[in-house]
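Quick look at query33.cif (mmCIF, C-alpha atoms):
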data_input
#
loop_
_atom_site.label_atom_id
_atom_site.label_comp_id
_atom_site.auth_asym_id
_atom_site.auth_seq_id
_atom_site.Cartn_x
_atom_site.Cartn_y
_atom_site.Cartn_z
CA MET A 1360 114.36 87.42 106.45
CA ILE A 1361 114.15 86.90 102.68
CA LEU A 1362 113.49 83.37 101.47
CA ARG A 1363 113.76 82.22 97.86
CA VAL A 1364 111.43 79.47 96.66
CA THR A 1365 112.51 77.76 93.44
CA PRO A 1366 110.36 75.59 91.13
CA SER A 1367 110.21 72.16 92.77
CA THR A 1368 108.78 68.68 92.52
CA LEU A 1369 107.11 67.50 95.72
CA SER A 1370 106.42 64.00 97.00
CA GLY A 1371 105.98 62.12 100.23
CA GLU A 1372 103.97 62.89 103.34
CA VAL A 1373 103.51 66.05 105.37
CA SER A 1374 101.37 66.59 108.46
CA ALA A 1375 99.23 69.68 108.86
CA PRO A 1376 99.94 71.62 112.09
CA PRO A 1377 97.33 71.86 114.85
CA SER A 1378 94.49 74.32 114.33
CA LYS A 1379 95.26 77.76 115.73
CA SER A 1380 91.56 78.73 115.71
CA LEU A 1381 90.63 75.68 117.76
CA SER A 1382 93.65 76.14 120.06
CA ALA A 1383 92.62 79.71 120.89
CA ARG A 1384 89.05 78.67 121.70
CA PHE A 1385 90.22 75.85 123.97
CA ILE A 1386 92.56 78.21 125.81
CA ALA A 1387 89.73 80.67 126.43
CA ALA A 1388 87.31 77.94 127.54
CA ALA A 1389 89.93 76.36 129.82
CA LEU A 1390 90.61 79.74 131.45
CA LEU A 1391 86.97 79.88 132.64
CA ALA A 1392 86.35 76.20 133.49
CA ASP A 1393 85.86 74.82 136.99
CA SER A 1394 88.80 72.40 136.85
CA PRO A 1395 92.19 72.14 135.10
CA SER A 1396 92.51 71.14 131.45
CA MET A 1397 95.24 69.21 129.65
CA ILE A 1398 95.34 70.26 126.00
CA HIS A 1399 97.33 67.99 123.69
CA GLY A 1400 98.72 68.98 120.30
CA MET A 1401 98.45 72.72 120.80
CA SER A 1402 99.31 74.96 117.86
CA GLU A 1403 102.76 76.59 118.10
CA SER A 1404 101.70 79.62 116.07
CA ASP A 1405 102.28 83.19 117.20
CA ASP A 1406 98.51 83.68 117.53
CA THR A 1407 98.29 80.76 119.95
CA THR A 1408 101.17 82.17 121.99
CA SER A 1409 99.25 85.45 122.24
CA ALA A 1410 96.15 83.60 123.47
CA LEU A 1411 98.17 81.75 126.12
CA GLU A 1412 99.77 84.98 127.32
CA MET A 1413 96.35 86.65 127.55
CA ALA A 1414 94.93 83.74 129.55
CA ALA A 1415 97.89 84.01 131.94
CA VAL A 1416 97.34 87.76 132.40
CA LEU A 1417 93.66 87.06 133.14
CA GLY A 1418 94.61 84.71 135.98
CA ALA A 1419 95.17 81.23 134.56
CA GLU A 1420 98.17 79.13 135.55
CA ILE A 1421 99.89 77.83 132.41
CA GLU A 1422 102.19 74.81 132.58
CA LEU A 1423 104.05 73.91 129.39
CA GLY A 1424 104.89 70.24 128.84
CA LYS A 1425 106.46 68.29 125.99
CA GLU A 1426 103.19 66.71 124.87
CA ALA A 1427 100.52 68.94 126.36
CA ILE A 1428 99.76 72.26 128.02
CA ARG A 1429 98.03 72.31 131.41
CA ILE A 1430 95.74 75.25 132.15
CA VAL A 1431 94.58 75.80 135.73
CA PRO A 1432 91.58 78.16 135.58
CA THR A 1433 90.62 81.11 137.71
CA PRO A 1434 88.12 80.27 140.49
CA GLY A 1435 84.45 80.61 139.60
CA GLY A 1436 84.98 81.35 135.95
CA ILE A 1437 85.79 85.00 136.65
CA PRO A 1438 89.09 86.40 135.35
CA ARG A 1439 91.42 87.94 137.92
CA PRO A 1440 93.80 90.14 135.94
CA ARG A 1441 97.42 90.15 137.07
CA ALA A 1442 98.26 93.26 135.04
CA LYS A 1443 96.57 96.42 133.82
CA GLU A 1444 97.26 95.63 130.14
CA LEU A 1445 96.03 92.74 128.01
CA ASN A 1446 98.06 92.43 124.80
CA ALA A 1447 96.71 90.38 121.88
CA GLY A 1448 99.89 90.62 119.82
CA GLU A 1449 98.81 90.60 116.17
CA SER A 1450 95.89 88.20 116.66
CA GLY A 1451 92.51 89.62 115.65
CA LEU A 1452 90.77 86.52 117.00
CA ALA A 1453 92.44 86.83 120.39
CA ALA A 1454 91.61 90.55 120.68
CA ARG A 1455 87.94 90.19 119.78
CA MET A 1456 87.40 86.88 121.59
CA PHE A 1457 89.10 87.81 124.88
CA ALA A 1458 87.45 91.25 125.11
CA PRO A 1459 84.11 89.96 126.54
CA ILE A 1460 85.99 87.39 128.63
CA ALA A 1461 88.11 90.14 130.19
CA ALA A 1462 84.89 92.13 130.76
CA LEU A 1463 83.65 89.43 133.17
CA ALA A 1464 86.10 90.84 135.70
CA ASN A 1465 84.89 93.64 137.96
CA THR A 1466 87.90 95.76 137.14
CA SER A 1467 89.48 97.88 134.41
CA ILE A 1468 91.98 96.57 131.87
CA LEU A 1469 93.54 98.04 128.73
CA LEU A 1470 93.13 95.83 125.66
CA THR A 1471 95.87 96.46 123.12
CA GLY A 1472 97.98 94.73 120.48
CA LYS A 1473 100.87 95.35 118.16
CA GLY A 1474 101.73 95.62 114.47
CA THR A 1475 98.90 95.50 111.97
CA LEU A 1476 96.32 94.69 114.67
CA LEU A 1477 96.49 98.30 115.85
CA SER A 1478 94.95 99.42 112.55
CA ARG A 1479 92.22 96.77 112.33
CA PRO A 1480 88.62 97.71 113.24
CA ILE A 1481 87.38 97.15 116.77
CA GLU A 1482 83.97 98.91 116.66
CA MET A 1483 82.01 95.66 116.83
CA VAL A 1484 83.63 94.97 120.22
CA THR A 1485 83.13 98.42 121.72
CA ASP A 1486 79.55 98.75 120.46
CA GLY A 1487 78.61 95.25 121.56
CA LEU A 1488 80.05 95.50 125.06
CA GLN A 1489 78.41 98.89 125.58
CA LYS A 1490 75.04 97.31 124.77
CA LEU A 1491 75.65 94.79 127.55
CA GLY A 1492 76.46 97.48 130.12
CA VAL A 1493 80.24 97.28 130.06
CA SER A 1494 82.05 100.58 130.46
CA ILE A 1495 84.17 100.96 127.33
CA ALA A 1496 85.14 104.00 125.33
CA GLU A 1497 84.10 104.32 121.71
CA ALA A 1498 87.10 103.50 119.54
CA HIS A 1499 87.80 102.53 115.95
CA THR A 1500 91.02 100.66 116.74
CA LEU A 1501 93.04 99.38 119.69
CA PRO A 1502 93.99 100.20 122.39
CA VAL A 1503 90.73 100.45 124.32
CA GLU A 1504 90.00 100.33 128.06
CA ILE A 1505 87.40 97.84 129.27
CA GLU A 1506 85.74 98.00 132.69
CA GLY A 1507 83.38 95.19 133.70
CA PRO A 1508 81.55 93.35 134.89
CA LEU A 1509 79.74 91.80 131.95
CA VAL A 1510 76.44 90.82 133.58
CA GLY A 1511 74.57 89.43 130.56
CA GLY A 1512 71.28 90.46 129.00
CA GLU A 1513 70.01 90.90 125.44
CA ILE A 1514 71.99 92.05 122.42
CA HIS A 1515 71.47 92.27 118.65
CA LEU A 1516 74.59 91.91 116.48
CA ASP A 1517 75.50 92.32 112.81
CA GLY A 1518 77.27 89.07 111.92
CA SER A 1519 78.27 90.07 108.39
CA VAL A 1520 81.67 91.54 109.32
CA SER A 1521 83.28 89.06 111.70
CA SER A 1522 82.38 86.07 113.87
CA GLN A 1523 85.20 86.62 116.35
CA PHE A 1524 83.40 88.90 118.82
CA LEU A 1525 80.37 86.58 118.77
CA THR A 1526 82.72 83.71 119.61
CA GLY A 1527 83.94 85.66 122.64
CA LEU A 1528 80.39 86.37 123.79
CA LEU A 1529 79.36 82.73 123.45
CA LEU A 1530 82.34 81.69 125.58
CA ALA A 1531 81.88 84.43 128.21
CA LEU A 1532 78.12 84.75 128.72
CA PRO A 1533 77.64 81.33 130.40
CA TYR A 1534 79.57 82.84 133.35
CA ALA A 1535 77.58 86.09 133.53
CA GLU A 1536 75.12 86.90 136.33
CA LYS A 1537 72.05 87.14 134.09
CA ASP A 1538 70.65 84.90 131.38
CA SER A 1539 71.48 86.18 127.91
CA LYS A 1540 69.82 86.33 124.52
CA VAL A 1541 72.06 87.04 121.53
CA THR A 1542 70.36 87.75 118.20
CA VAL A 1543 72.61 87.82 115.17
CA GLU A 1544 71.75 88.99 111.67
CA GLY A 1545 73.66 87.85 108.60
CA ILE A 1546 76.25 85.42 109.96
CA THR A 1547 78.80 84.93 107.20
CA SER A 1548 81.38 82.83 109.04
CA ARG A 1549 78.96 80.14 110.17
CA PRO A 1550 81.55 77.31 110.28
CA HIS A 1551 83.60 79.35 112.78
CA ILE A 1552 80.53 79.73 115.01
CA ASP A 1553 79.79 76.01 114.67
CA MET A 1554 83.32 75.35 115.93
CA THR A 1555 82.71 77.63 118.92
CA LEU A 1556 79.45 75.88 119.78
CA GLU A 1557 81.23 72.51 119.60
CA VAL A 1558 83.80 73.81 122.10
CA LEU A 1559 80.95 74.89 124.42
CA GLN A 1560 79.55 71.37 124.23
CA THR A 1561 82.99 69.89 124.94
CA PHE A 1562 83.16 71.92 128.18
CA ASP A 1563 79.55 70.97 129.09
CA LEU A 1564 78.20 74.51 128.73
CA ASP A 1565 74.48 74.89 127.97
CA TYR A 1566 72.88 77.00 125.26
CA THR A 1567 70.04 76.83 122.75
CA HIS A 1568 70.34 77.96 119.15
CA GLU A 1569 67.53 78.58 116.73
CA ILE A 1570 67.38 80.11 113.26
CA SER A 1571 64.26 82.02 112.28
CA GLU A 1572 63.61 84.49 109.46
CA GLY A 1573 67.28 84.95 108.73
CA LEU A 1574 68.22 85.54 112.37
CA ASP A 1575 70.34 83.33 114.61
CA VAL A 1576 69.15 83.45 118.21
CA PHE A 1577 71.26 82.08 121.06
CA HIS A 1578 69.81 81.66 124.58
CA ILE A 1579 72.55 81.25 127.18
CA PRO A 1580 71.77 80.42 130.82
CA SER A 1581 73.78 82.31 133.43
CA SER A 1582 76.10 81.24 136.26
CA GLN A 1583 77.30 78.04 134.62
CA ALA A 1584 80.42 76.03 135.42
CA GLY A 1585 82.36 74.66 132.47
CA ARG A 1586 84.17 71.37 133.00
CA GLY A 1587 87.87 70.97 132.23
CA GLY A 1588 89.40 67.73 131.01
CA ASN A 1589 91.83 66.13 128.56
CA PHE A 1590 91.48 67.43 125.03
CA ASN A 1591 93.18 67.01 121.65
CA ILE A 1592 93.47 69.74 119.02
CA ASP A 1593 92.54 68.82 115.44
CA GLY A 1594 94.82 69.59 112.51
CA ASP A 1595 94.47 72.97 110.81
CA TRP A 1596 92.53 72.92 107.53
CA SER A 1597 93.73 76.43 106.68
CA ALA A 1598 97.31 75.15 106.61
CA ALA A 1599 96.26 71.91 104.95
CA ALA A 1600 94.69 73.94 102.13
CA THR A 1601 98.11 75.38 101.27
CA LEU A 1602 99.72 71.94 101.34
CA LEU A 1603 97.01 70.42 99.16
CA VAL A 1604 97.30 73.21 96.57
CA LEU A 1605 101.07 72.69 96.53
CA GLY A 1606 100.44 69.01 95.89
CA ALA A 1607 97.91 69.80 93.18
CA LEU A 1608 100.50 71.83 91.30
CA CYS A 1609 103.82 70.13 92.16
CA ALA A 1610 103.32 66.55 93.39
CA GLN A 1611 104.93 63.72 91.44
CA PRO A 1612 103.85 61.06 91.96
CA GLU A 1613 101.73 62.33 94.88
CA LEU A 1614 101.68 64.30 98.11
CA GLU A 1615 99.86 63.02 101.18
CA VAL A 1616 98.62 65.54 103.76
CA THR A 1617 97.98 63.95 107.16
CA GLY A 1618 96.76 65.12 110.55
CA ILE A 1619 93.46 66.56 109.30
CA ARG A 1620 90.99 64.01 110.55
CA GLY A 1621 89.16 65.43 113.55
CA ASP A 1622 85.87 66.14 115.26
CA PHE A 1623 85.47 69.92 114.98
CA THR A 1624 84.02 72.00 112.17
CA GLN A 1625 86.55 74.04 110.21
CA ALA A 1626 85.53 76.42 107.45
CA ASP A 1627 88.58 75.79 105.30
CA SER A 1628 87.87 72.08 104.95
CA SER A 1629 85.89 73.33 101.95
CA ILE A 1630 89.24 73.29 100.10
CA LYS A 1631 88.27 69.71 99.21
CA GLY A 1632 85.25 70.93 97.26
CA ALA A 1633 87.26 73.75 95.69
CA LEU A 1634 89.84 71.30 94.36
CA LEU A 1635 87.08 69.09 92.97
CA PHE A 1636 85.72 72.13 91.09
CA ALA A 1637 89.23 72.68 89.74
CA GLY A 1638 89.24 69.16 88.31
CA TYR A 1639 91.25 67.24 90.92
CA HIS A 1640 90.69 63.76 92.25
CA ILE A 1641 91.53 63.62 95.96
CA LEU A 1642 92.21 60.19 97.41
CA GLY A 1643 91.38 59.49 101.04
CA THR A 1644 94.08 57.61 102.95
CA ASP A 1645 94.26 56.09 106.43
CA GLU A 1646 95.83 59.27 107.78
CA GLY A 1647 94.56 62.04 105.52
CA LEU A 1648 94.33 62.96 101.83
CA SER A 1649 96.55 62.34 98.80
CA ILE A 1650 96.71 64.48 95.65
CA LYS A 1651 98.67 64.40 92.37
CA LYS A 1652 99.94 67.11 90.04
CA LYS A 1653 97.53 68.21 87.34
CA ARG A 1654 96.75 71.42 85.52
CA PRO A 1655 93.68 72.97 87.16
CA ARG A 1656 90.64 73.89 85.16
CA ALA A 1657 89.16 77.35 85.62
CA PHE A 1658 86.72 77.72 88.50
CA HIS A 1659 84.21 80.16 89.98
CA LEU A 1660 83.84 79.91 93.76
CA ASP A 1661 82.06 81.97 96.39
CA LEU A 1662 84.49 82.37 99.30
CA THR A 1663 82.33 84.64 101.45
CA ASN A 1664 82.37 82.09 104.28
CA THR A 1665 86.00 81.09 103.74
CA PRO A 1666 88.02 84.27 103.08
CA ASP A 1667 91.28 82.68 104.21
CA LEU A 1668 91.18 80.50 101.09
CA PHE A 1669 91.46 83.50 98.74
CA PRO A 1670 95.30 83.61 98.60
CA VAL A 1671 95.90 79.90 98.02
CA LEU A 1672 93.09 79.56 95.49
CA ALA A 1673 94.28 82.69 93.68
CA ALA A 1674 97.68 80.99 93.44
CA LEU A 1675 96.07 77.81 92.11
CA ALA A 1676 94.13 79.81 89.50
CA CYS A 1677 97.38 81.25 88.12
CA PHE A 1678 98.12 77.88 86.51
CA SER A 1679 94.77 77.24 84.81
CA ASN A 1680 94.13 77.73 81.11
CA LYS A 1681 91.35 80.29 81.53
CA PRO A 1682 90.50 83.04 84.05
CA SER A 1683 88.97 82.02 87.38
CA ARG A 1684 86.62 84.08 89.52
CA LEU A 1685 86.63 84.22 93.34
CA SER A 1686 83.62 85.92 94.95
CA GLY A 1687 83.30 87.50 98.39
CA ALA A 1688 86.28 89.86 98.21
CA HIS A 1689 84.68 92.27 100.70
CA ARG A 1690 85.66 89.76 103.43
CA LEU A 1691 89.35 90.50 102.74
CA ALA A 1692 89.22 93.93 104.35
CA GLY A 1693 90.46 94.15 107.93
CA LYS A 1694 92.81 91.16 107.68
CA GLU A 1695 96.54 91.29 108.41
CA SER A 1696 96.79 93.26 105.17
CA ASP A 1697 94.33 94.77 102.73
CA ARG A 1698 94.43 91.32 101.27
CA ALA A 1699 92.66 91.96 97.95
CA SER A 1700 94.89 94.92 97.09
CA VAL A 1701 98.01 93.03 98.13
CA LEU A 1702 97.12 90.01 96.00
CA ILE A 1703 96.60 92.29 93.00
CA SER A 1704 99.80 94.29 93.44
CA GLU A 1705 102.14 91.48 94.49
CA PHE A 1706 100.98 88.85 91.99
CA ALA A 1707 101.49 91.47 89.28
CA LYS A 1708 105.21 91.37 90.12
CA ALA A 1709 105.17 87.69 89.13
CA GLY A 1710 103.44 88.49 85.84
CA ILE A 1711 99.95 87.50 86.98
CA THR A 1712 97.00 89.85 86.45
CA ILE A 1713 94.22 89.89 89.04
CA GLU A 1714 91.29 92.22 88.45
CA ARG A 1715 88.79 93.47 91.02
CA ASP A 1716 85.25 93.23 89.61
CA LYS A 1717 82.89 94.56 92.29
CA ASP A 1718 82.97 91.78 94.93
CA ASP A 1719 84.99 89.35 92.80
CA LEU A 1720 88.66 88.79 92.09
CA VAL A 1721 89.30 87.56 88.55
CA VAL A 1722 92.62 85.73 88.21
CA HIS A 1723 94.15 85.60 84.71
CA PRO A 1724 96.62 82.72 84.36
CA GLY A 1725 100.02 83.26 82.81
CA LYS A 1726 103.67 82.37 82.74
CA THR A 1727 105.30 83.51 85.99
CA LYS A 1728 108.57 85.41 86.17
CA ALA A 1729 111.22 85.87 88.82
CA CYS A 1730 110.22 88.51 91.33
CA ARG A 1731 110.41 89.69 94.91
CA ILE A 1732 107.08 89.69 96.76
CA ASP A 1733 106.29 91.78 99.82
CA PRO A 1734 103.56 90.02 101.86
CA HIS A 1735 102.82 93.20 103.84
CA GLY A 1736 103.07 91.25 107.09
CA ASP A 1737 100.37 88.80 105.99
CA HIS A 1738 101.12 85.12 106.68
CA ARG A 1739 98.67 83.90 104.05
CA ILE A 1740 100.27 86.02 101.34
CA VAL A 1741 103.61 84.40 102.27
CA MET A 1742 102.18 80.93 101.65
CA ALA A 1743 100.54 82.02 98.39
CA ALA A 1744 103.86 83.47 97.20
CA ALA A 1745 105.57 80.19 98.05
CA ILE A 1746 103.07 78.38 95.84
CA LEU A 1747 103.96 80.70 92.95
CA GLY A 1748 107.66 80.01 93.47
CA CYS A 1749 107.28 76.26 93.85
CA ALA A 1750 104.85 75.71 90.96
CA GLY A 1751 105.83 78.53 88.59
CA ASP A 1752 108.43 79.10 85.93
CA ALA A 1753 110.91 81.10 88.02
CA GLU A 1754 112.04 81.60 91.59
CA VAL A 1755 110.16 83.92 93.94
CA ASP A 1756 111.85 85.85 96.75
CA ILE A 1757 109.60 86.52 99.74
CA LEU A 1758 110.35 89.47 102.01
CA ASN A 1759 109.60 89.20 105.74
CA ALA A 1760 108.92 85.50 105.24
CA GLU A 1761 109.08 84.91 108.99
CA CYS A 1762 105.62 86.44 109.43
CA VAL A 1763 104.27 83.03 108.34
CA ALA A 1764 104.78 82.07 112.01
CA LYS A 1765 101.52 83.86 112.82
CA SER A 1766 99.71 80.68 111.81
CA TYR A 1767 102.22 78.10 110.53
CA PRO A 1768 105.75 78.54 111.97
CA THR A 1769 107.11 75.32 110.44
CA PHE A 1770 105.73 75.96 106.95
CA PHE A 1771 109.04 76.33 105.12
CA ASP A 1772 110.60 73.41 107.00
CA ASP A 1773 107.63 71.24 106.04
CA LEU A 1774 107.83 72.40 102.43
CA ALA A 1775 111.53 71.52 102.27
CA SER A 1776 110.85 68.11 103.84
CA VAL A 1777 108.78 67.03 100.82
CA GLY A 1778 111.14 68.42 98.19
CA GLY A 1779 110.54 72.14 98.15
CA ILE A 1780 113.66 74.12 97.27
CA VAL A 1781 113.91 76.93 99.82
CA GLU A 1782 116.99 79.03 100.61
CA GLU A 1783 117.69 82.19 102.52
CA VAL A 1784 118.79 85.21 100.52
CA LYS A 1785 121.56 87.01 102.34
#
Would you mind giving the structure from this file in structure tokens?
Amino acid sequence: MILRVTPSTLSGEVSAPPSKSLSARFIAAALLADSPSMIHGMSESDDTTSALEMAAVLGAEIELGKEAIRIVPTPGGIPRPRAKELNAGESGLAARMFAPIAALANTSILLTGKGTLLSRPIEMVTDGLQKLGVSIAEAHTLPVEIEGPLVGGEIHLDGSVSSQFLTGLLLALPYAEKDSKVTVEGITSRPHIDMTLEVLQTFDLDYTHEISEGLDVFHIPSSQAGRGGNFNIDGDWSAAATLLVLGALCAQPELEVTGIRGDFTQADSSIKGALLFAGYHILGTDEGLSIKKKRPRAFHLDLTNTPDLFPVLAALACFSNKPSRLSGAHRLAGKESDRASVLISEFAKAGITIERDKDDLVVHPGKTKACRIDPHGDHRIVMAAAILGCAGDAEVDILNAECVAKSYPTFFDDLASVGGIVEEVK
């Protein structure tokens, strides 16, 4: 599907969708709990659907309701696979998080995926599970066969690449037979781990966490029983970041983004600080945040801990008066696309120059021109392209725009609801 986004003026109120990262963690925790869980406000993203399907394959009973999803766990916190294959779709989080959970089972299962996930690195999963005694073949990418059980023990991890496998271990090891000690060097996605630890607390799972000499050490007692219950999913700050940037560039008189007040840590809530650096005044409201149109000033931000903000902040930087610099570009490898290269090549079609300077992306602002952008299957590139079309000087056609459903399936409907001009190109 090709969608055309035309320069628009936005106003009114739009609610951020539920967090897909939090939804996936709650699904995994509910799968292993000792009693059923009712999860309200679940994300409708493709990644969340993949997590639900994986939980069902691993033995959970899933009941879909109008307002909530009920998850009846497997007995004793041990997965009981109903099939020989566990498919993560295109979700990197689901693949890396459910791998140690699937390894709790005393059986063999093939972990696989589809699309771009089949080319994304999986070594941190295979190496880590091998260190904990799980039988798993060395592999650079999916598919890979896993044979448990995961019994626990001690492991040392490099946390500089991804936090997703560590999230899976933290969720799985409370159900292992032996106490575990996980030592992690160089955690870069600390807010994502904080979210995981908050989910453990919500399900009454015990752990201790200490930081010493640059190392994070987690002690996790064995043979625990997580407690199910009634839970609500917070709004997604990753999606809210796109909406706030749209408001910053297009809102007259203002755009209010609601649904983002919650209890769980989310890395991309740092969009608030980023917009302050860019010269914006953000007004807190009863339901969320309000922002008005203004030309951004140039900014220099380190996005090492928040790589998902690169596309939307690169789009914001296009409309400044001077070049902006975004640091931490090494974190863009292994995403749905080679995100740094795609930003450089696709923004160039709109007349915007982005340079790679070691670990930085330098965005040179300019007048945009009509173009057709290929997001390379990357949902966040789709949203960044929509910002260019909505805030720029000419329309932008977006190929394969439906891939935005990976995280935000109602994005274009929400954009149109506040004045965005979106039409399908036949």
Counting all atoms listed in the file, find residues at most 12 Å from (95.3, 63.6, 101.9) (file frame) and give them as an NGL selection string. :A and (1371-1375 or 1596 or 1599-1600 or 1602-1604 or 1606-1607 or 1613-1620 or 1628 or 1630-1631 or 1640-1651)
I'd like to know which of A:Ala1464, A:Ile1481, A:Ala1419, A:Val1364 is closest to Ala1387 in chain A, using only C-alpha atoms.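 Nearest candidate to Ala1387 in chain A out of A:Ala1464, A:Ile1481, A:Ala1419, A:Val1364: A:Ala1419.
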If the PyMOL selection byres ((chain A and resi 1380-1384) around 8) is run on the structure shown, which residues does it catch, given as a list in words?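 With the PyMOL selection byres ((chain A and resi 1380-1384) around 8) on this model, the match is Pro1377, Ser1378, Lys1379, Phe1385, Ile1386, Ala1387, Ala1388, Met1401, Ser1402, Asp1406, Thr1407, Ala1410, Leu1411, Leu1452, Ala1453, Met1554, Thr1555, Val1558, Ile1592 and Asp1593 of chain A.
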Within 12 Å of Phe1669 in chain A, counting only C-alpha atoms, which residues qualify if same-chain residues fewer than 2 places away don't, as a PyMOL selection string? chain A and resi 1597+1600-1601+1627+1630+1633+1659-1667+1671-1676+1683-1691+1694+1698-1699+1701-1703+1713+1719-1722+1739-1740+1742-1743
What would the selection look like, as a PyMOL selection string, if the PyMOL selection byres ((chain A and resi 1783) around 12) were run on the coordinates I just shared? chain A and resi 1360-1365+1755-1761+1771+1780-1782+1784-1785
Evaluate the PyMOL selection byres ((chain A and resi 1707) around 12) and report residues as a ChimeraX atom specification: /A:1674,1677,1700-1706,1708-1714,1722-1733,1744,1747
Closest to Ile1546 in chain A among A:Phe1678, A:Phe1524, A:Phe1562, A:Phe1623, using all atoms listed in the file?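 Under the stated criterion, the closest residue is A:Phe1524.
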Hey, which of A:Asp1752, A:Glu1544, A:Asp1697, A:Asp1393 ends up closest to Asp1563 in chain A? Count only C-alpha atoms. A:Asp1393
